[in-house]
file entry.cif (mmCIF, C-alpha atoms and all ligand atoms)
data_run
loop_
_atom_site.label_atom_id
_atom_site.label_comp_id
_atom_site.auth_asym_id
_atom_site.auth_seq_id
_atom_site.Cartn_x
_atom_site.Cartn_y
_atom_site.Cartn_z
CA MET A 60 -1.37 -1.10 -25.82
CA ASN A 61 -4.64 0.58 -24.77
CA VAL A 62 -5.36 1.92 -21.32
CA LEU A 63 -8.50 3.28 -19.66
CA LEU A 64 -7.45 5.51 -16.76
CA MET A 65 -10.29 6.48 -14.41
CA ALA A 66 -10.92 8.80 -11.49
CA TYR A 67 -13.87 10.23 -9.55
CA GLY A 68 -14.47 13.43 -11.56
CA THR A 69 -15.46 16.86 -10.28
CA PRO A 70 -17.78 19.66 -11.49
CA TYR A 71 -16.14 22.32 -13.68
CA SER A 72 -18.39 25.14 -12.43
CA PRO A 73 -20.80 25.89 -9.53
CA GLU A 74 -23.83 25.26 -11.84
CA GLU A 75 -22.62 21.71 -12.39
CA ILE A 76 -22.59 20.80 -8.68
CA GLU A 77 -26.28 19.81 -8.59
CA PRO A 78 -26.22 17.37 -11.56
CA TYR A 79 -22.86 16.01 -10.35
CA TYR A 80 -24.24 15.39 -6.85
CA THR A 81 -27.39 13.84 -8.38
CA ASP A 82 -25.16 11.42 -10.30
CA ILE A 83 -23.29 10.46 -7.11
CA ARG A 84 -26.71 9.79 -5.52
CA ARG A 85 -27.62 7.50 -8.43
CA GLY A 86 -30.06 9.93 -10.03
CA LYS A 87 -31.70 11.16 -6.81
CA LYS A 88 -31.67 14.97 -6.51
CA PRO A 89 -29.92 16.07 -3.28
CA PRO A 90 -32.02 17.87 -0.64
CA GLU A 91 -31.54 21.66 -0.72
CA GLU A 92 -29.51 21.80 2.54
CA LEU A 93 -27.04 19.12 1.39
CA LEU A 94 -26.59 20.85 -1.97
CA LYS A 95 -25.98 24.16 -0.22
CA GLU A 96 -23.46 22.57 2.11
CA LEU A 97 -21.53 20.92 -0.76
CA SER A 98 -21.58 24.15 -2.82
CA GLU A 99 -20.13 26.01 0.17
CA ARG A 100 -17.36 23.46 0.49
CA TYR A 101 -16.41 23.96 -3.20
CA ALA A 102 -16.64 27.76 -2.80
CA GLN A 103 -14.24 27.64 0.14
CA ILE A 104 -11.53 25.79 -1.78
CA GLY A 105 -12.06 27.91 -4.90
CA LYS A 106 -11.99 24.94 -7.29
CA SER A 107 -11.13 21.27 -7.22
CA PRO A 108 -8.21 20.49 -9.57
CA LEU A 109 -9.17 16.81 -9.87
CA ASN A 110 -10.14 16.85 -13.59
CA GLU A 111 -6.96 18.68 -14.58
CA ILE A 112 -4.80 16.32 -12.50
CA THR A 113 -6.51 13.24 -13.98
CA LEU A 114 -5.98 14.54 -17.52
CA ALA A 115 -2.33 15.34 -16.76
CA GLN A 116 -1.89 11.81 -15.37
CA GLY A 117 -3.33 10.37 -18.59
CA ILE A 118 -1.13 12.52 -20.85
CA ARG A 119 2.01 11.72 -18.89
CA LEU A 120 1.20 8.02 -18.66
CA GLN A 121 0.75 7.85 -22.43
CA ALA A 122 4.04 9.72 -22.96
CA LEU A 123 5.94 7.49 -20.55
CA LEU A 124 4.53 4.28 -22.03
CA ASN A 125 5.55 5.38 -25.53
CA LEU A 126 8.87 7.03 -24.78
CA GLU A 127 10.11 4.07 -22.83
CA ALA A 128 9.42 1.63 -25.63
CA PRO A 129 12.49 -0.60 -25.92
CA VAL A 130 12.95 0.08 -29.65
CA TYR A 131 13.13 3.86 -29.22
CA PRO A 132 16.73 4.44 -28.12
CA LYS A 133 18.07 2.03 -30.73
CA ARG A 134 16.22 3.60 -33.65
CA LEU A 135 16.19 7.35 -33.29
CA LEU A 136 15.14 7.70 -36.92
CA GLY A 137 12.36 5.15 -36.54
CA PRO A 138 8.61 5.71 -36.59
CA PHE A 139 7.08 8.48 -34.51
CA PRO A 140 5.38 8.22 -32.10
CA PRO A 141 7.78 5.50 -30.98
CA ARG A 142 6.14 2.12 -30.75
CA THR A 143 5.94 -0.32 -27.86
CA PRO A 144 6.27 -3.97 -28.91
CA GLN A 145 2.46 -4.01 -28.97
CA GLY A 146 2.10 -0.79 -31.01
CA PRO A 147 1.82 2.78 -29.72
CA ALA A 148 0.20 3.08 -26.30
CA ARG A 149 -3.06 5.03 -26.14
CA VAL A 150 -4.44 6.23 -22.82
CA TYR A 151 -8.13 7.16 -22.57
CA VAL A 152 -9.41 9.08 -19.56
CA GLY A 153 -12.89 8.63 -18.10
CA THR A 154 -14.42 9.77 -14.82
CA LYS A 155 -17.03 8.12 -12.64
CA HIS A 156 -19.30 11.08 -11.96
CA TRP A 157 -18.50 13.89 -14.41
CA TYR A 158 -17.19 14.57 -17.93
CA PRO A 159 -15.54 12.85 -19.76
CA LEU A 160 -17.69 10.04 -18.35
CA ILE A 161 -16.39 6.47 -18.31
CA GLY A 162 -19.10 5.56 -20.87
CA GLU A 163 -17.86 8.26 -23.26
CA ALA A 164 -14.25 7.09 -22.94
CA VAL A 165 -15.26 3.47 -23.61
CA ALA A 166 -17.30 4.55 -26.65
CA ALA A 167 -14.29 6.52 -28.00
CA MET A 168 -12.09 3.44 -27.54
CA HIS A 169 -14.56 1.36 -29.52
CA GLU A 170 -14.71 3.96 -32.29
CA ASP A 171 -10.89 3.84 -32.52
CA GLY A 172 -11.04 0.07 -33.02
CA VAL A 173 -9.84 -0.91 -29.53
CA ARG A 174 -10.89 -4.46 -28.60
CA ARG A 175 -8.57 -5.12 -25.63
CA ALA A 176 -7.39 -2.71 -22.95
CA VAL A 177 -6.09 -2.38 -19.41
CA ALA A 178 -8.41 -0.62 -16.93
CA ILE A 179 -6.99 1.16 -13.89
CA VAL A 180 -8.40 3.62 -11.33
CA ALA A 181 -6.27 6.41 -9.87
CA ALA A 182 -7.06 5.01 -6.40
CA PRO A 183 -4.79 2.33 -4.92
CA HIS A 184 -7.29 0.45 -2.71
CA TYR A 185 -10.05 -1.90 -3.87
CA SER A 186 -13.48 -1.30 -2.40
CA LEU A 187 -16.97 -2.45 -3.20
CA ARG A 188 -17.82 1.27 -2.97
CA SER A 189 -15.06 2.45 -5.28
CA VAL A 190 -13.29 0.14 -7.77
CA ALA A 191 -16.27 -2.27 -8.00
CA GLU A 192 -18.48 0.69 -8.98
CA TYR A 193 -16.00 1.75 -11.69
CA GLN A 194 -16.11 -1.85 -12.94
CA GLU A 195 -19.91 -1.73 -13.14
CA LYS A 196 -19.77 1.52 -15.15
CA VAL A 197 -17.29 -0.01 -17.61
CA GLN A 198 -19.38 -3.18 -17.98
CA GLU A 199 -22.50 -1.10 -18.55
CA ALA A 200 -20.70 0.90 -21.28
CA VAL A 201 -19.39 -2.28 -22.94
CA ARG A 202 -22.91 -3.78 -23.04
CA ALA A 203 -24.01 -0.82 -25.19
CA LEU A 204 -21.31 -1.46 -27.85
CA PRO A 205 -21.80 -3.44 -31.07
CA GLN A 206 -18.49 -5.30 -30.40
CA ALA A 207 -17.12 -6.01 -26.93
CA ILE A 208 -13.89 -4.61 -25.52
CA GLU A 209 -12.03 -7.00 -23.23
CA PHE A 210 -10.75 -5.16 -20.16
CA VAL A 211 -7.92 -6.48 -18.00
CA TRP A 212 -8.25 -4.86 -14.58
CA VAL A 213 -5.65 -3.55 -12.18
CA GLU A 214 -7.96 -3.86 -9.16
CA SER A 215 -5.63 -2.52 -6.48
CA TYR A 216 -2.01 -1.57 -5.97
CA TYR A 217 -1.90 -0.53 -2.31
CA ASP A 218 1.36 -2.43 -1.76
CA HIS A 219 3.27 -1.50 -4.95
CA PRO A 220 6.87 -0.72 -3.86
CA GLY A 221 6.99 2.35 -6.12
CA LEU A 222 3.77 3.70 -4.61
CA ILE A 223 5.07 3.13 -1.07
CA ALA A 224 8.34 4.90 -1.98
CA ALA A 225 6.47 7.84 -3.55
CA TYR A 226 4.24 8.27 -0.49
CA ALA A 227 7.25 7.86 1.84
CA ARG A 228 9.15 10.63 0.02
CA ARG A 229 6.25 13.08 0.51
CA LEU A 230 5.87 12.09 4.16
CA GLU A 231 9.59 12.54 4.76
CA GLU A 232 9.34 16.12 3.47
CA ALA A 233 6.64 16.80 6.09
CA ILE A 234 8.76 15.14 8.79
CA TRP A 235 11.62 17.56 8.01
CA ARG A 236 9.29 20.36 9.16
CA LEU A 237 8.52 18.76 12.55
CA LYS A 238 10.02 20.18 15.71
CA ASP A 239 10.36 16.73 17.27
CA PRO A 240 9.74 13.79 14.89
CA ARG A 241 10.16 11.22 17.69
CA ARG A 242 7.22 12.64 19.65
CA ALA A 243 4.86 13.35 16.74
CA ALA A 244 1.78 11.35 15.73
CA TYR A 245 1.62 9.92 12.18
CA VAL A 246 -1.86 9.45 10.78
CA PHE A 247 -2.69 7.91 7.40
CA THR A 248 -6.15 8.63 6.04
CA ALA A 249 -8.46 7.30 3.34
CA HIS A 250 -12.04 8.08 2.30
CA SER A 251 -14.51 6.42 4.65
CA ILE A 252 -16.95 3.83 3.29
CA PRO A 253 -20.21 2.56 4.82
CA VAL A 254 -19.64 -0.09 7.52
CA ALA A 255 -22.14 -2.31 5.64
CA ALA A 256 -19.55 -2.78 2.86
CA VAL A 257 -16.89 -3.84 5.38
CA GLU A 258 -19.37 -6.35 6.83
CA ARG A 259 -19.78 -7.80 3.33
CA GLY A 260 -16.03 -8.58 3.35
CA ASP A 261 -14.68 -5.47 1.63
CA PRO A 262 -10.83 -5.72 1.71
CA TYR A 263 -10.56 -1.90 1.74
CA PRO A 264 -9.62 -1.28 5.42
CA ARG A 265 -7.08 -4.11 5.31
CA GLN A 266 -5.50 -2.64 2.20
CA VAL A 267 -5.42 0.89 3.67
CA GLU A 268 -3.67 -0.54 6.77
CA GLY A 269 -1.31 -2.38 4.41
CA THR A 270 -0.24 0.84 2.69
CA ALA A 271 0.19 2.64 6.02
CA GLU A 272 2.22 -0.18 7.53
CA ARG A 273 4.60 -0.31 4.55
CA ILE A 274 5.22 3.45 4.51
CA ALA A 275 5.79 3.44 8.28
CA ARG A 276 8.24 0.56 8.00
CA ARG A 277 10.12 2.21 5.15
CA LEU A 278 10.59 5.41 7.17
CA ASN A 279 11.14 3.62 10.48
CA LEU A 280 8.35 5.63 12.12
CA PRO A 281 8.13 5.19 15.88
CA ARG A 282 4.34 4.64 15.55
CA PHE A 283 1.47 5.17 13.11
CA GLN A 284 -2.31 5.15 13.03
CA VAL A 285 -5.07 5.00 10.43
CA ALA A 286 -8.14 7.25 10.43
CA TYR A 287 -10.92 7.85 7.90
CA GLN A 288 -12.20 11.08 6.41
CA SER A 289 -15.00 12.51 4.28
CA ALA A 290 -17.77 10.15 5.47
CA GLY A 291 -20.95 10.62 3.41
CA ARG A 292 -23.90 12.67 4.61
CA THR A 293 -26.14 9.61 5.12
CA PRO A 294 -27.63 8.15 8.33
CA GLU A 295 -25.92 4.74 7.97
CA PRO A 296 -22.74 4.09 10.01
CA TRP A 297 -19.45 4.91 8.22
CA LEU A 298 -16.02 3.42 8.81
CA GLY A 299 -14.03 5.26 11.49
CA PRO A 300 -12.31 6.61 13.43
CA ASP A 301 -13.10 9.95 11.83
CA ILE A 302 -10.02 12.14 11.50
CA ASN A 303 -11.56 15.02 13.50
CA GLU A 304 -12.50 12.79 16.45
CA PHE A 305 -9.11 11.15 16.15
CA LEU A 306 -7.34 14.51 16.57
CA GLU A 307 -9.24 14.99 19.85
CA ARG A 308 -7.92 11.63 21.03
CA LEU A 309 -4.35 12.54 20.04
CA LYS A 310 -4.60 15.78 22.01
CA GLU A 311 -5.82 13.87 25.09
CA GLU A 312 -2.87 11.50 24.70
CA GLY A 313 -0.50 14.48 24.91
CA TYR A 314 0.63 14.88 21.29
CA GLU A 315 1.61 18.35 20.10
CA GLU A 316 2.43 17.69 16.45
CA VAL A 317 0.57 15.51 13.92
CA VAL A 318 1.44 14.61 10.35
CA VAL A 319 -1.44 13.50 8.15
CA GLN A 320 -0.99 11.69 4.85
CA ALA A 321 -4.04 10.98 2.67
CA VAL A 322 -2.96 7.61 1.25
CA GLY A 323 -6.41 6.87 -0.20
CA PHE A 324 -6.08 9.71 -2.69
CA PRO A 325 -3.14 10.07 -5.06
CA ALA A 326 -4.60 13.40 -6.28
CA ASP A 327 -5.51 16.63 -4.48
CA HIS A 328 -9.20 17.60 -4.65
CA LEU A 329 -12.16 18.67 -2.53
CA GLU A 330 -11.69 15.96 0.09
CA VAL A 331 -8.05 16.95 0.60
CA PHE A 332 -8.32 20.74 0.36
CA TYR A 333 -11.57 21.03 2.34
CA ASP A 334 -11.76 18.01 4.65
CA LEU A 335 -8.08 18.05 5.62
CA ASP A 336 -6.65 21.50 4.89
CA LEU A 337 -9.66 23.47 6.17
CA GLU A 338 -11.81 21.27 8.41
CA ALA A 339 -9.22 19.03 10.10
CA GLN A 340 -6.80 21.96 10.27
CA ALA A 341 -9.49 24.02 12.10
CA THR A 342 -10.05 21.13 14.53
CA ALA A 343 -6.30 20.94 15.16
CA GLU A 344 -6.03 24.69 15.71
CA ARG A 345 -8.95 24.62 18.18
CA LEU A 346 -7.18 21.83 20.08
CA GLY A 347 -3.80 23.57 19.97
CA LEU A 348 -2.25 20.80 17.84
CA ARG A 349 0.22 21.53 15.03
CA LEU A 350 -1.03 19.64 11.96
CA LEU A 351 1.07 19.15 8.83
CA ARG A 352 -0.20 17.40 5.69
CA ALA A 353 2.14 15.50 3.37
CA ARG A 354 1.69 16.76 -0.20
CA GLY A 355 -0.09 14.64 -2.79
CA LEU A 356 1.31 12.54 -5.64
CA ASN A 357 -0.85 14.20 -8.33
CA ALA A 358 0.72 13.82 -11.80
CA ASP A 359 4.31 13.59 -10.53
CA LEU A 360 6.55 11.26 -12.47
CA ASP A 361 7.17 8.79 -9.65
CA TYR A 362 3.41 8.05 -9.46
CA ILE A 363 3.09 7.90 -13.25
CA GLN A 364 5.96 5.36 -13.27
CA VAL A 365 3.91 3.21 -10.84
CA LEU A 366 0.87 3.39 -13.16
CA LYS A 367 3.11 2.49 -16.11
CA GLU A 368 4.53 -0.60 -14.39
CA LEU A 369 1.05 -1.74 -13.36
CA VAL A 370 -0.54 -1.39 -16.80
CA GLU A 371 2.42 -3.00 -18.56
CA ALA A 372 2.29 -6.00 -16.20
CA ALA A 373 -1.48 -6.31 -16.70
CA TRP A 374 -1.11 -6.06 -20.51
CA LEU A 375 1.49 -8.86 -20.50
CA ARG A 376 -0.81 -11.00 -18.32
CA SER A 377 -3.71 -10.58 -20.72
O1 LIG A 401 -12.78 17.06 -5.92
C1 LIG A 401 -13.91 16.60 -6.12
O2 LIG A 401 -14.84 17.31 -6.47
C2 LIG A 401 -14.24 15.16 -5.99
C3 LIG A 401 -13.68 14.58 -4.71
C4 LIG A 401 -14.10 13.17 -4.38
C5 LIG A 401 -13.29 12.07 -4.45
C6 LIG A 401 -13.99 10.96 -3.86
C7 LIG A 401 -13.45 9.71 -3.72
C8 LIG A 401 -14.05 8.65 -3.10
N1 LIG A 401 -15.35 8.61 -2.67
C9 LIG A 401 -15.59 7.37 -2.11
C10 LIG A 401 -16.78 6.94 -1.59
C11 LIG A 401 -17.95 7.68 -1.52
C12 LIG A 401 -19.23 7.18 -1.09
C13 LIG A 401 -20.12 8.22 -1.14
C14 LIG A 401 -19.40 9.37 -1.60
C15 LIG A 401 -19.95 10.64 -1.79
C16 LIG A 401 -19.26 11.75 -2.25
C17 LIG A 401 -19.84 13.10 -2.42
C18 LIG A 401 -18.83 13.90 -2.91
C19 LIG A 401 -17.65 13.08 -3.06
N2 LIG A 401 -17.95 11.80 -2.64
FE1 LIG A 401 -16.67 10.19 -2.69
N3 LIG A 401 -15.23 11.39 -3.45
C20 LIG A 401 -15.32 12.73 -3.77
C21 LIG A 401 -16.44 13.54 -3.55
N4 LIG A 401 -18.09 9.01 -1.85
C22 LIG A 401 -18.91 15.38 -3.25
C23 LIG A 401 -21.28 13.49 -2.11
C24 LIG A 401 -21.37 14.40 -0.92
C25 LIG A 401 -20.84 13.78 0.33
O3 LIG A 401 -21.40 12.73 0.74
O4 LIG A 401 -19.85 14.30 0.82
C26 LIG A 401 -21.62 8.19 -0.76
C27 LIG A 401 -22.47 8.27 -1.98
C28 LIG A 401 -23.06 6.96 -2.33
O5 LIG A 401 -23.97 6.52 -1.61
O6 LIG A 401 -22.61 6.35 -3.33
C29 LIG A 401 -19.50 5.74 -0.65
C30 LIG A 401 -14.37 6.59 -2.16
C31 LIG A 401 -13.41 7.37 -2.78
C32 LIG A 401 -11.92 7.01 -3.09
C33 LIG A 401 -11.80 6.24 -4.36
C34 LIG A 401 -11.97 7.10 -5.60
O7 LIG A 401 -11.27 8.13 -5.74
O8 LIG A 401 -12.81 6.74 -6.44
C35 LIG A 401 -14.18 5.18 -1.63
C36 LIG A 401 -11.92 12.01 -5.04
#
call {"tool": "encode", "arguments": {"input": "entry.cif", "output": "structure tokens", "more": "lines below"}}
Ligand code: FEC
result
Amino acid sequence: MNVLLMAYGTPYSPEEIEPYYTDIRRGKKPPEELLKELSERYAQIGKSPLNEITLAQGIRLQALLNLEAPVYPKRLLGPFPPRTPQGPARVYVGTKHWYPLIGEAVAAMHEDGVRRAVAIVAAPHYSLRSVAEYQEKVQEAVRALPQAIEFVWVESYYDHPGLIAAYARRLEEAIWRLKDPRRAAYVFTAHSIPVAAVERGDPYPRQVEGTAERIARRLNLPRFQVAYQSAGRTPEPWLGPDINEFLERLKEEGYEEVVVQAVGFPADHLEVFYDLDLEAQATAERLGLRLLRARGLNADLDYIQVLKELVEAAWLRS
């Protein structure tokens, strides 16, 4: 079994921020003030761990896929690495905007003789501005190969019971720290996307609501809301409500404690450590609200198990 695991990617050093940002802007250099602003955001969090987390997810996914091969426990003296019924699983990691790029991962797969693989993004919700763009990058890379690779896509998994359980566990840990869970506000966030995409029928907001609803039901929350974060620095309208404005509303409604869970991002990175832990936290402090954030899934085994189930089901479908 062959898997291409993808994520957004992040610069490894301050010098790489400009070319990284240029790639996000489809080759257009960012204006000086936007570059300065982004560089300051990275400086304030120290470093985004996104590349390390993505690599750890890939390593653990490969280990789990191989170690759980049904023949392994029966034949301890059998071949190593243990084989799945389809041969040993190989997981390749590629990122959308930095190195290893998706194109490099696809080229490495081709070099290794891979002709069929499962493709999955470490982001549970489908959007025209996320998963569809990963799909374009993969297609572009395949077009450059002498022989095609057939990719079977896991396009979204916002409602996977294992994902809901993993998020619920992290949220529960935050709830244990609340002074009065019955009177707290529960806010689920995801990266904002331009409203234009939603108007073109993007299922993204519906899927984000779907994840939130399932976690809330599982934990029997008295109420929950969805807000968006990290809207791009462009003049077009972005999907809201924005988390910072939303906190103002919660304060006006009389809340004193708020728990935020970033369900759009399994991994911790700039948008979690800056936009939530620094920016939203500062807004909350200014308003006199107590804000707690549920910790991320990162490369924890319960999330890796979800990825494993999804890629195995997709491989069997193919
Ligand atoms: O830690 C890091 O360095 C990387 C954090 C990071 C993640 C991420 C995930 C998503 N984005 C999504 C949509 C957009 C759209 C634009 C956009 C722009 C940026 C910029 C940075 C950035 N994003 Fe991001 N995103 C991350 C970081 N994102 C930096 C550029 C500066 C800024 O605008 O803040 C607008 C650009 C465009 O026109 O294309 C749209 C979505 C996700 C969640 C799915 C995923 O992880 O792929 C959706 C992580």
call {"tool": "closest_atom_pairs", "arguments": {"input": "entry.cif", "of": "chain A", "to": "ligand LIG 401 (chain A)", "cutoff": "8 Å", "atoms": "all atoms listed in the file", "output": "tab-separated table"}}
result
residue	atom	partner	partner_atom	distance
A:Ala66	CA	A:LIG401	O8	5.8
A:Tyr67	CA	A:LIG401	O8	4.8
A:Gly68	CA	A:LIG401	C2	5.8
A:Thr69	CA	A:LIG401	O2	3.9
A:Pro70	CA	A:LIG401	O2	6.3
A:Tyr80	CA	A:LIG401	C23	5.9
A:Ile83	CA	A:LIG401	O6	5.6
A:Arg84	CA	A:LIG401	C28	5.6
A:Arg85	CA	A:LIG401	O6	7.2
A:Leu93	CA	A:LIG401	C24	7.7
A:Leu97	CA	A:LIG401	C24	6.5
A:Tyr101	CA	A:LIG401	O2	7.6
A:Ser107	CA	A:LIG401	O1	4.7
A:Pro108	CA	A:LIG401	O1	6.8
A:Leu109	CA	A:LIG401	O1	5.4
A:Lys155	CA	A:LIG401	O8	7.6
A:Val180	CA	A:LIG401	O8	7.3
A:Ala181	CA	A:LIG401	O7	6.7
A:Ala182	CA	A:LIG401	O7	5.3
A:His184	CA	A:LIG401	C33	7.5
A:Ser186	CA	A:LIG401	C35	6.6
A:Arg188	CA	A:LIG401	C29	5.3
A:Ser189	CA	A:LIG401	C35	4.6
A:Val190	CA	A:LIG401	O8	6.7
A:Tyr193	CA	A:LIG401	O8	7.9
A:Ala249	CA	A:LIG401	C32	7.3
A:His250	CA	A:LIG401	C30	5.2
A:Ser251	CA	A:LIG401	C35	6.4
A:Ile252	CA	A:LIG401	C29	5.1
A:Pro253	CA	A:LIG401	C29	6.4
A:Ser289	CA	A:LIG401	O4	6.2
A:Ala290	CA	A:LIG401	O3	6.5
A:Gly291	CA	A:LIG401	O3	3.4
A:Arg292	CA	A:LIG401	O3	4.6
A:Thr293	CA	A:LIG401	O3	7.2
A:Gly323	CA	A:LIG401	C32	6.2
A:Phe324	CA	A:LIG401	O7	6.2
A:Ala326	CA	A:LIG401	C36	7.6
A:Asp327	CA	A:LIG401	O1	7.4
A:His328	CA	A:LIG401	O1	3.8
A:Leu329	CA	A:LIG401	O1	3.8
A:Glu330	CA	A:LIG401	C3	5.4
call {"tool": "atom_distance", "arguments": {"input": "entry.cif", "atom1": "atom CA of A:Arg277", "atom2": "atom CA of A:Leu230"}}
result
10.8 Å
call {"tool": "residues_around", "arguments": {"input": "entry.cif", "residues": "A:Leu278", "least_positions_apart": "6", "cutoff": "9 Å", "atoms": "only C-alpha atoms", "output": "ChimeraX atom specification"}}
result
/A:227-228,230-231
call {"tool": "write_last_selection", "arguments": {"input": "entry.cif", "atoms": "C-alpha atoms", "output": "PDB file, keeping the file's coordinate frame"}}
result
ATOM      1  CA  ALA A 227       7.250   7.860   1.840  1.00  0.00           C
ATOM      2  CA  ARG A 228       9.150  10.630   0.020  1.00  0.00           C
ATOM      3  CA  LEU A 230       5.870  12.090   4.160  1.00  0.00           C
ATOM      4  CA  GLU A 231       9.590  12.540   4.760  1.00  0.00           C
TER       5      GLU A 231
END
call {"tool": "axis_aligned_box", "arguments": {"input": "entry.cif", "around": "stretch 90-94 of chain A", "padding_each_side": "5 Å", "output": "AutoDock Vina command-line options"}}
result
--center_x -29.3 --center_y 19.8 --center_z 0.3 --size_x 15.4 --size_y 13.9 --size_z 14.5
call {"tool": "closest_residue", "arguments": {"input": "entry.cif", "among": "A:Leu298, A:Ala166, A:Val62, A:Ala244", "to": "A:Arg202", "atoms": "only C-alpha atoms"}}
result
A:Ala166
call {"tool": "atom_distance", "arguments": {"input": "entry.cif", "atom1": "atom CA of A:Gly162", "atom2": "atom CA of A:Gln198"}}
result
9.2 Å
call {"tool": "closest_residue", "arguments": {"input": "entry.cif", "among": "A:Val267, A:Ala200, A:Leu126, A:Val317", "to": "A:Ala343", "atoms": "all atoms listed in the file"}}
result
A:Val317
call {"tool": "closest_residue", "arguments": {"input": "entry.cif", "among": "A:Ile104, A:Ile179, A:Ala243, A:Ala271", "to": "A:Ser215", "atoms": "only C-alpha atoms"}}
result
A:Ile179
call {"tool": "closest_residue", "arguments": {"input": "entry.cif", "among": "A:Tyr333, A:Phe247, A:Trp374, A:Tyr263", "to": "A:Phe305", "atoms": "only C-alpha atoms"}}
result
A:Phe247
call {"tool": "atom_distance", "arguments": {"input": "entry.cif", "atom1": "atom CA of A:Lys196", "atom2": "atom CA of A:Gln320"}}
result
29.3 Å
call {"tool": "closest_residue", "arguments": {"input": "entry.cif", "among": "A:Pro325, A:Pro78, A:Pro296, A:Pro281", "to": "A:Asp239", "atoms": "only C-alpha atoms"}}
result
A:Pro281
call {"tool": "closest_residue", "arguments": {"input": "entry.cif", "among": "A:Glu92, A:Leu187, A:Arg349, A:Pro73", "to": "A:Lys238", "atoms": "only C-alpha atoms"}}
result
A:Arg349
call {"tool": "residues_around", "arguments": {"input": "entry.cif", "residues": "A:Pro159", "least_positions_apart": "4", "cutoff": "10 Å", "atoms": "all atoms listed in the file", "output": "number ranges by chain"}}
result
A: 65, 68, 110, 114, 151-155, 163-164
call {"tool": "decode", "arguments": {"input": "entry.cif", "residues": "stretch 327-331 of chain A", "atoms": "all heavy atoms", "output": "compact mmCIF listing (two decimals), in the first residue's frame"}}
result
# COMPACT_ATOMS: atom_id res chain seq x y z
N ASP A 327 -0.69 21.67 15.52
CA ASP A 327 -0.37 23.02 16.02
C ASP A 327 0.58 23.70 15.04
O ASP A 327 1.46 23.04 14.49
CB ASP A 327 0.35 22.91 17.37
CG ASP A 327 -0.55 22.38 18.47
OD1 ASP A 327 -1.78 22.52 18.34
OD2 ASP A 327 -0.02 21.82 19.44
N HIS A 328 0.42 24.98 14.85
CA HIS A 328 1.29 25.75 13.95
C HIS A 328 1.02 27.23 14.17
O HIS A 328 0.36 27.61 15.15
CB HIS A 328 1.05 25.34 12.49
CG HIS A 328 -0.40 25.21 12.14
ND1 HIS A 328 -1.25 26.28 12.14
CD2 HIS A 328 -1.16 24.13 11.84
CE1 HIS A 328 -2.45 25.86 11.81
NE2 HIS A 328 -2.43 24.56 11.64
N LEU A 329 1.49 28.03 13.20
CA LEU A 329 1.36 29.49 13.33
C LEU A 329 -0.07 29.94 13.66
O LEU A 329 -0.28 30.76 14.55
CB LEU A 329 1.80 30.15 12.01
CG LEU A 329 1.71 31.66 11.98
CD1 LEU A 329 2.82 32.29 12.81
CD2 LEU A 329 1.78 32.18 10.54
N GLU A 330 -1.04 29.39 12.94
CA GLU A 330 -2.42 29.86 13.09
C GLU A 330 -3.02 29.48 14.45
O GLU A 330 -4.01 30.07 14.87
CB GLU A 330 -3.31 29.31 11.96
CG GLU A 330 -2.70 29.31 10.58
CD GLU A 330 -2.51 30.69 9.96
OE1 GLU A 330 -1.65 31.43 10.46
OE2 GLU A 330 -3.21 31.00 8.99
N VAL A 331 -2.43 28.49 15.10
CA VAL A 331 -2.90 28.10 16.44
C VAL A 331 -2.12 28.90 17.49
O VAL A 331 -2.70 29.55 18.36
CB VAL A 331 -2.69 26.57 16.66
CG1 VAL A 331 -3.04 26.19 18.10
CG2 VAL A 331 -3.53 25.77 15.68
